[in-house]
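Raw contents of coords-v9.cif, mmCIF, C-alpha atoms:
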data_model
#
loop_
_atom_site.label_atom_id
_atom_site.label_comp_id
_atom_site.auth_asym_id
_atom_site.auth_seq_id
_atom_site.Cartn_x
_atom_site.Cartn_y
_atom_site.Cartn_z
CA MET A 1 -87.34 -54.99 -9.89
CA GLN A 2 -86.38 -56.37 -6.47
CA THR A 3 -84.69 -59.72 -6.02
CA PRO A 4 -86.63 -62.41 -4.13
CA LEU A 5 -85.41 -63.75 -0.80
CA GLN A 6 -83.88 -67.15 -0.55
CA PRO A 7 -86.21 -70.10 -1.27
CA GLY A 8 -88.41 -71.03 1.63
CA SER A 9 -88.53 -67.54 3.07
CA SER A 10 -91.75 -65.60 3.41
CA ALA A 11 -92.49 -61.94 3.76
CA ILE A 12 -94.21 -60.71 6.92
CA LYS A 13 -97.73 -59.51 6.35
CA GLN A 14 -98.13 -55.92 7.50
CA ASP A 15 -101.25 -54.59 9.15
CA GLN A 16 -103.40 -52.40 7.02
CA GLY A 17 -102.94 -48.78 8.04
CA TRP A 18 -100.99 -45.66 7.34
CA GLN A 19 -97.72 -47.63 7.53
CA VAL A 20 -98.68 -49.42 4.31
CA TRP A 21 -99.01 -46.15 2.44
CA TRP A 22 -95.87 -44.74 4.01
CA GLN A 23 -93.83 -47.77 2.98
CA LEU A 24 -95.26 -47.46 -0.53
CA THR A 25 -93.34 -44.18 -0.90
CA ARG A 26 -90.12 -46.10 -0.07
CA PRO A 27 -89.12 -43.45 2.48
CA HIS A 28 -85.47 -44.50 2.49
CA THR A 29 -85.22 -43.08 -1.05
CA LEU A 30 -86.79 -39.69 -0.26
CA THR A 31 -83.58 -38.28 1.21
CA ALA A 32 -82.11 -38.56 -2.29
CA ALA A 33 -84.63 -35.87 -3.32
CA PHE A 34 -84.03 -33.72 -0.22
CA ALA A 35 -80.23 -33.44 -0.40
CA PRO A 36 -79.98 -31.91 -3.93
CA VAL A 37 -82.59 -29.24 -3.14
CA LEU A 38 -80.74 -28.26 0.02
CA LEU A 39 -77.41 -28.20 -1.80
CA GLY A 40 -78.69 -26.06 -4.68
CA THR A 41 -80.21 -23.61 -2.21
CA ALA A 42 -77.03 -23.48 -0.12
CA LEU A 43 -75.05 -22.71 -3.28
CA ALA A 44 -77.39 -19.80 -3.97
CA MET A 45 -76.78 -18.22 -0.55
CA GLU A 46 -73.50 -16.71 -1.76
CA LEU A 47 -75.31 -14.71 -4.45
CA THR A 48 -78.70 -13.81 -2.98
CA ASP A 49 -81.07 -13.92 -0.05
CA ILE A 50 -83.03 -17.16 0.03
CA HIS A 51 -86.72 -17.15 -0.88
CA ILE A 52 -88.00 -19.61 1.72
CA MET A 53 -91.32 -20.35 -0.01
CA LEU A 54 -89.58 -21.21 -3.27
CA PHE A 55 -87.21 -23.49 -1.36
CA LEU A 56 -90.11 -25.26 0.35
CA ALA A 57 -92.04 -25.52 -2.93
CA MET A 58 -89.06 -27.05 -4.73
CA LEU A 59 -88.50 -29.46 -1.86
CA ALA A 60 -92.15 -30.55 -1.82
CA ALA A 61 -92.26 -31.04 -5.60
CA SER A 62 -89.05 -33.09 -5.58
CA LEU A 63 -90.29 -35.34 -2.77
CA LEU A 64 -93.66 -35.87 -4.46
CA ILE A 65 -92.06 -36.75 -7.80
CA GLN A 66 -89.66 -39.18 -6.10
CA ALA A 67 -92.53 -40.84 -4.21
CA ALA A 68 -94.62 -41.06 -7.38
CA THR A 69 -91.70 -42.59 -9.28
CA ASN A 70 -91.39 -45.24 -6.56
CA MET A 71 -95.11 -46.01 -6.94
CA PHE A 72 -94.79 -46.33 -10.72
CA ASN A 73 -91.93 -48.73 -10.02
CA GLU A 74 -94.12 -50.76 -7.66
CA TYR A 75 -97.01 -50.83 -10.12
CA TYR A 76 -95.12 -51.77 -13.28
CA ASP A 77 -92.79 -54.31 -11.68
CA TYR A 78 -95.94 -56.00 -10.31
CA LYS A 79 -97.69 -55.88 -13.69
CA ARG A 80 -94.64 -57.46 -15.34
CA GLY A 81 -94.54 -60.21 -12.72
CA LEU A 82 -91.18 -59.13 -11.31
CA ASP A 83 -92.30 -58.46 -7.72
CA THR A 84 -93.68 -61.17 -5.46
CA GLU A 85 -94.65 -61.40 -1.79
CA ASP A 86 -91.09 -62.49 -0.99
CA SER A 87 -89.35 -59.64 -2.84
CA ILE A 88 -87.18 -57.35 -0.74
CA GLY A 89 -86.64 -53.64 -1.09
CA ILE A 90 -90.21 -52.91 -2.21
CA GLY A 91 -93.12 -51.10 -0.60
CA GLY A 92 -95.17 -54.30 -0.85
CA ALA A 93 -98.55 -52.57 -0.87
CA ILE A 94 -99.76 -54.65 -3.82
CA VAL A 95 -98.22 -58.09 -3.28
CA ARG A 96 -98.30 -58.14 0.54
CA ASN A 97 -101.12 -55.88 1.61
CA GLY A 98 -103.67 -56.40 -1.14
CA ILE A 99 -103.83 -52.78 -2.30
CA LYS A 100 -105.31 -52.72 -5.81
CA PRO A 101 -102.71 -51.96 -8.52
CA GLY A 102 -105.00 -49.29 -9.98
CA THR A 103 -105.06 -47.54 -6.61
CA VAL A 104 -101.26 -47.39 -6.54
CA LEU A 105 -101.16 -46.05 -10.09
CA GLY A 106 -103.86 -43.50 -9.33
CA LEU A 107 -102.03 -42.31 -6.24
CA ALA A 108 -98.82 -41.87 -8.23
CA LEU A 109 -100.65 -39.79 -10.83
CA SER A 110 -102.28 -37.74 -8.06
CA LEU A 111 -98.88 -36.92 -6.60
CA TYR A 112 -97.78 -35.85 -10.07
CA GLY A 113 -100.84 -33.60 -10.25
CA ILE A 114 -99.99 -31.92 -6.95
CA SER A 115 -96.38 -31.43 -8.04
CA ILE A 116 -97.62 -29.75 -11.24
CA LEU A 117 -99.62 -27.26 -9.15
CA ILE A 118 -96.53 -26.56 -7.06
CA GLY A 119 -94.56 -26.19 -10.28
CA VAL A 120 -97.00 -23.54 -11.50
CA TYR A 121 -96.28 -21.54 -8.34
CA ILE A 122 -92.53 -21.87 -8.92
CA CYS A 123 -92.84 -20.83 -12.56
CA MET A 124 -95.02 -17.82 -11.70
CA ASN A 125 -92.21 -16.56 -9.48
CA THR A 126 -89.29 -17.48 -11.73
CA SER A 127 -89.50 -18.61 -15.37
CA TRP A 128 -92.03 -20.59 -17.38
CA TRP A 129 -89.14 -22.38 -19.09
CA LEU A 130 -88.95 -24.43 -15.91
CA ALA A 131 -92.37 -25.87 -16.78
CA LEU A 132 -90.87 -27.64 -19.79
CA ILE A 133 -87.94 -28.93 -17.75
CA GLY A 134 -90.28 -30.10 -15.01
CA LEU A 135 -92.59 -31.94 -17.40
CA VAL A 136 -89.64 -33.70 -19.03
CA SER A 137 -88.37 -34.72 -15.60
CA MET A 138 -91.78 -36.11 -14.69
CA LEU A 139 -91.96 -38.00 -17.98
CA ILE A 140 -88.58 -39.58 -17.25
CA GLY A 141 -89.80 -40.52 -13.77
CA TYR A 142 -92.73 -42.36 -15.37
CA LEU A 143 -90.66 -43.96 -18.13
CA TYR A 144 -88.12 -45.16 -15.59
CA THR A 145 -90.23 -48.28 -15.13
CA GLY A 146 -93.31 -47.46 -17.25
CA GLY A 147 -93.80 -47.55 -21.00
CA PRO A 148 -92.73 -50.21 -23.50
CA TRP A 149 -88.97 -49.74 -22.90
CA PRO A 150 -88.40 -48.99 -19.20
CA ILE A 151 -85.19 -47.04 -18.59
CA ALA A 152 -84.53 -49.01 -15.41
CA TYR A 153 -84.18 -52.20 -17.46
CA THR A 154 -81.35 -50.75 -19.58
CA PRO A 155 -77.68 -49.86 -18.95
CA PHE A 156 -78.66 -46.17 -18.99
CA GLY A 157 -80.66 -46.08 -15.76
CA GLU A 158 -77.76 -44.75 -13.69
CA ILE A 159 -77.17 -41.87 -16.11
CA PHE A 160 -80.82 -40.80 -16.21
CA ALA A 161 -81.20 -41.09 -12.42
CA GLY A 162 -77.99 -39.16 -11.77
CA PHE A 163 -78.85 -36.38 -14.18
CA PHE A 164 -82.51 -35.83 -13.36
CA MET A 165 -82.51 -36.66 -9.63
CA GLY A 166 -79.06 -35.29 -8.87
CA LEU A 167 -77.53 -32.62 -11.05
CA LEU A 168 -80.74 -31.14 -12.49
CA ILE A 169 -82.49 -30.75 -9.13
CA ILE A 170 -79.46 -28.89 -7.75
CA LEU A 171 -79.35 -26.54 -10.72
CA ILE A 172 -83.10 -25.85 -10.67
CA SER A 173 -82.96 -25.18 -6.93
CA PHE A 174 -80.08 -22.80 -7.55
CA TYR A 175 -81.79 -21.12 -10.51
CA ILE A 176 -85.11 -20.39 -8.79
CA GLN A 177 -83.19 -18.47 -6.13
CA THR A 178 -80.67 -16.64 -8.35
CA GLY A 179 -82.19 -16.52 -11.84
CA THR A 180 -79.03 -17.97 -13.34
CA VAL A 181 -76.78 -21.03 -13.48
CA THR A 182 -73.07 -20.56 -12.78
CA THR A 183 -70.01 -22.65 -13.59
CA THR A 184 -69.48 -23.23 -9.87
CA SER A 185 -73.02 -24.54 -9.40
CA VAL A 186 -72.49 -27.03 -12.23
CA LEU A 187 -69.11 -28.17 -10.92
CA VAL A 188 -70.38 -28.72 -7.39
CA SER A 189 -73.33 -30.70 -8.80
CA ILE A 190 -71.15 -33.34 -10.47
CA PRO A 191 -70.63 -35.54 -7.35
CA SER A 192 -74.41 -35.60 -6.80
CA PHE A 193 -74.84 -36.77 -10.40
CA LEU A 194 -72.41 -39.60 -9.69
CA LEU A 195 -73.73 -40.56 -6.25
CA VAL A 196 -77.41 -40.64 -7.23
CA GLY A 197 -76.42 -42.87 -10.14
CA GLY A 198 -74.50 -44.94 -7.59
CA ILE A 199 -77.70 -45.53 -5.62
CA LEU A 200 -79.29 -47.15 -8.67
CA LEU A 201 -76.11 -49.09 -9.38
CA SER A 202 -76.13 -50.46 -5.83
CA ASN A 203 -79.76 -51.52 -6.31
CA ASN A 204 -78.82 -53.33 -9.50
CA ILE A 205 -75.85 -55.03 -7.85
CA ARG A 206 -78.16 -56.34 -5.14
CA ASP A 207 -80.73 -57.49 -7.72
CA PHE A 208 -78.10 -58.92 -10.10
CA ASP A 209 -79.28 -62.53 -10.15
CA GLY A 210 -83.00 -61.76 -10.27
CA ASP A 211 -82.58 -59.13 -12.97
CA LYS A 212 -80.49 -61.49 -15.07
CA GLU A 213 -83.11 -64.21 -14.72
CA PHE A 214 -85.86 -61.87 -15.95
CA GLY A 215 -83.78 -60.64 -18.89
CA ARG A 216 -83.08 -57.09 -17.72
CA LYS A 217 -79.98 -55.48 -19.24
CA THR A 218 -78.83 -53.23 -16.41
CA LEU A 219 -75.36 -51.74 -16.24
CA ALA A 220 -74.40 -54.20 -13.49
CA ILE A 221 -75.34 -57.12 -15.73
CA LEU A 222 -73.56 -55.57 -18.70
CA VAL A 223 -70.21 -55.23 -16.87
CA GLY A 224 -70.58 -58.11 -14.38
CA ARG A 225 -71.02 -58.09 -10.61
CA LYS A 226 -67.33 -57.65 -9.70
CA ASN A 227 -66.80 -54.80 -12.17
CA ALA A 228 -70.05 -53.18 -11.00
CA ILE A 229 -68.74 -53.14 -7.42
CA ASN A 230 -65.46 -51.69 -8.66
CA LEU A 231 -67.43 -49.06 -10.57
CA LEU A 232 -69.36 -48.13 -7.43
CA ALA A 233 -66.08 -47.76 -5.55
CA GLY A 234 -64.82 -45.58 -8.40
CA ILE A 235 -67.91 -43.38 -8.17
CA PHE A 236 -67.23 -42.78 -4.49
CA LEU A 237 -63.53 -42.12 -5.11
CA VAL A 238 -64.10 -39.65 -7.94
CA SER A 239 -66.75 -37.78 -5.93
CA TYR A 240 -64.38 -37.14 -3.01
CA ILE A 241 -61.43 -36.32 -5.25
CA TRP A 242 -63.62 -33.93 -7.27
CA ILE A 243 -64.45 -31.87 -4.18
CA ALA A 244 -60.79 -31.94 -3.08
CA VAL A 245 -59.67 -30.59 -6.45
CA LEU A 246 -62.29 -27.82 -6.40
CA ILE A 247 -61.00 -26.78 -2.99
CA ILE A 248 -57.34 -26.89 -4.09
CA VAL A 249 -57.94 -24.71 -7.17
CA GLY A 250 -59.98 -22.23 -5.12
CA VAL A 251 -63.39 -22.79 -6.72
CA ILE A 252 -65.03 -23.59 -3.38
CA SER A 253 -64.28 -22.93 0.28
CA PRO A 254 -62.02 -25.26 2.28
CA TRP A 255 -64.97 -25.65 4.64
CA LEU A 256 -66.44 -28.09 2.10
CA SER A 257 -63.72 -30.57 3.08
CA ILE A 258 -66.15 -31.48 5.88
CA VAL A 259 -67.62 -33.85 3.30
CA ALA A 260 -64.84 -36.30 4.22
CA LEU A 261 -66.88 -37.21 7.30
CA SER A 262 -69.16 -39.25 5.03
CA LEU A 263 -66.29 -41.44 3.80
CA PRO A 264 -66.85 -44.27 6.33
CA LYS A 265 -70.32 -44.84 4.90
CA ALA A 266 -68.89 -45.18 1.41
CA ILE A 267 -66.30 -47.68 2.62
CA LYS A 268 -69.02 -49.64 4.44
CA ALA A 269 -71.07 -49.80 1.23
CA VAL A 270 -68.24 -51.17 -0.89
CA LYS A 271 -67.18 -53.71 1.75
CA GLY A 272 -70.78 -54.82 2.16
CA PHE A 273 -71.14 -55.61 -1.53
CA ILE A 274 -67.80 -57.40 -1.66
CA GLU A 275 -68.69 -59.58 1.32
CA GLY A 276 -72.40 -60.06 0.57
CA THR A 277 -73.46 -63.30 -1.09
CA ASN A 278 -77.23 -62.78 -1.40
CA PRO A 279 -79.62 -59.84 -1.72
CA LEU A 280 -80.60 -59.82 1.95
CA GLN A 281 -76.97 -59.62 3.05
CA MET A 282 -76.39 -56.75 0.61
CA MET A 283 -79.29 -54.63 1.89
CA PRO A 284 -77.08 -52.80 4.47
CA ALA A 285 -74.59 -52.01 1.70
CA MET A 286 -77.33 -50.56 -0.46
CA ALA A 287 -78.59 -48.51 2.50
CA ALA A 288 -75.05 -47.26 3.13
CA THR A 289 -74.82 -46.15 -0.51
CA ALA A 290 -77.98 -44.07 -0.19
CA GLN A 291 -76.80 -42.69 3.15
CA THR A 292 -73.47 -41.69 1.62
CA ASN A 293 -75.29 -39.61 -0.99
CA THR A 294 -77.49 -37.93 1.62
CA ILE A 295 -74.72 -37.22 4.12
CA PHE A 296 -72.37 -36.09 1.33
CA GLY A 297 -74.91 -33.56 0.05
CA PHE A 298 -75.87 -32.43 3.56
CA LEU A 299 -72.22 -31.88 4.54
CA LEU A 300 -71.54 -29.96 1.33
CA SER A 301 -74.48 -27.72 2.20
CA ILE A 302 -73.18 -27.19 5.74
CA GLY A 303 -69.74 -26.37 4.36
CA LEU A 304 -71.23 -23.83 1.95
CA ILE A 305 -73.29 -22.20 4.71
CA ILE A 306 -70.30 -21.96 7.05
CA GLY A 307 -68.13 -20.63 4.21
CA ASN A 308 -70.65 -17.87 3.54
CA LEU A 309 -70.74 -16.92 7.22
CA PHE A 310 -66.98 -16.72 7.51
#
Could I get this structure in the form of structure tokens?
Amino acid sequence: MQTPLQPGSSAIKQDQGWQVWWQLTRPHTLTAAFAPVLLGTALAMELTDIHIMLFLAMLAASLLIQAATNMFNEYYDYKRGLDTEDSIGIGGAIVRNGIKPGTVLGLALSLYGISILIGVYICMNTSWWLALIGLVSMLIGYLYTGGPWPIAYTPFGEIFAGFFMGLLIILISFYIQTGTVTTTSVLVSIPSFLLVGGILLSNNIRDFDGDKEFGRKTLAILVGRKNAINLLAGIFLVSYIWIAVLIIVGVISPWLSIVALSLPKAIKAVKGFIEGTNPLQMMPAMAATAQTNTIFGFLLSIGLIIGNLF
């Protein structure tokens, strides 16, 4: 769900066109699907030559599943009466642009269908066990806001998002290139697990009042707004310390310390939530949280690539 704007505000009607469909994918979230694929592939470079087509296939499937999940979110939050024309942080295709709910649902299912075809290609070149993992991941994407007990409405949303959209994507991307999963690949995936969960936590901090009004039991509501902000700060802190420790004990190259360049974004996110008093004011903080995850993963990948070259 997305929290409404302040009373008296009104959303701007968008012109019908491709922009409507593009916004429906919630493009600002798609980088969260790109970064783990890149990181898992960069991790694999130390062990093998990269199969470019498998990389591109994994990237496409991840982006399609993320976009479809966003559309399920749009559809089911609308059906439950949680999204209105004045809601922020949504695609708005249904409540602002008059796109039929069934069309949004059908498009989401179509994207799932395309990702299944891509998954068949990946499995044909790797292992059919990935088909089971992929189907479970897609089911979780649907159940995130669909079904009788949406995961997003519970305190477990951050864990599911972090595991399936962070850690698991990295490990699958690594596996399809190497045919194995190593201890190092798991250890380097932990910050992504935390940061992707942090994106959802930031969303729930922003939507705190609206979610509480509609009876959702998110983690932010369970622990309270102040503790949720402290938890987000802790997620950032542990992620950076985790990489530092891996460097110190020699698990990964010192080049991965380049990840520290993303720290200002994390600080901006925390400060934004502390200072924000309404959802609109907290939007930049939420964006900074997502950007921290993307830049963090991208810089880790760059560090891994440089480490392999030198």
For the structure shown, which residues end up in the PyMOL selection byres ((chain A and resi 258) around 8)? Put them as a list of chain:residue names, please?
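So the PyMOL selection byres ((chain A and resi 258) around 8), applied here, picks out A:Trp255, A:Leu256, A:Ser257, A:Val259, A:Ala260, A:Leu261, A:Leu299, A:Leu300, A:Gly303.
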Sel. within 7 Å of pt (-71.6, -39.0, 6.8), counting only C-alpha atoms, output as a PyMOL selection string
chain A and resi 261-263+265+292+295-296
Translate the PyMOL selection byres ((chain A and resi 232) around 12) into a concrete residue list for this structure, as a PyMOL selection string.
chain A and resi 158+194-205+219-220+223+225-231+233-239+266-274+285-286+289-290+292
Give me the result of the PyMOL selection byres ((chain A and resi 178) around 7) on this file, residue by residue, as a ChimeraX atom specification.
/A:44,47-48,174-177,179-180
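For the pair atom CA of A:Leu171 and atom CA of A:Ser189, the interatomic distance is 7.6 Å.
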Gap from atom CA of A:Pro191 to atom CA of A:Leu143 - Å, one decimal:
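Straight-line distance from atom CA of A:Pro191 to atom CA of A:Leu143 works out to 24.3 Å.
Rounded to one decimal, atom CA of A:Phe160 and atom CA of A:Leu54 lie 25.1 Å from each other.
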Find the residues near A:Asn73: any atom within 12 Å, counting only C-alpha atoms, skip ones fewer than 2 places away on the same chain, and give them as a ChimeraX atom specification.
/A:1-2,24-26,66-71,75-80,82-83,89-94,101,104-105,108,141-147,150-153
I'd like the box whose edges run along x, y and z of the file and which contains every listed atom of stretch 215-219 of chain A, padded by 3 Å per side; could you state its centre and edge lengths in Å, one decimal, as AutoDock Vina command-line options?
--center_x -79.6 --center_y -56.2 --center_z -17.7 --size_x 14.4 --size_y 14.9 --size_z 9.0
Find the residue from A:Ile306, A:Leu59, A:Ile243, A:Phe72 that sits nearest to A:Leu107; use all atoms listed in the file when measuring.
A:Phe72
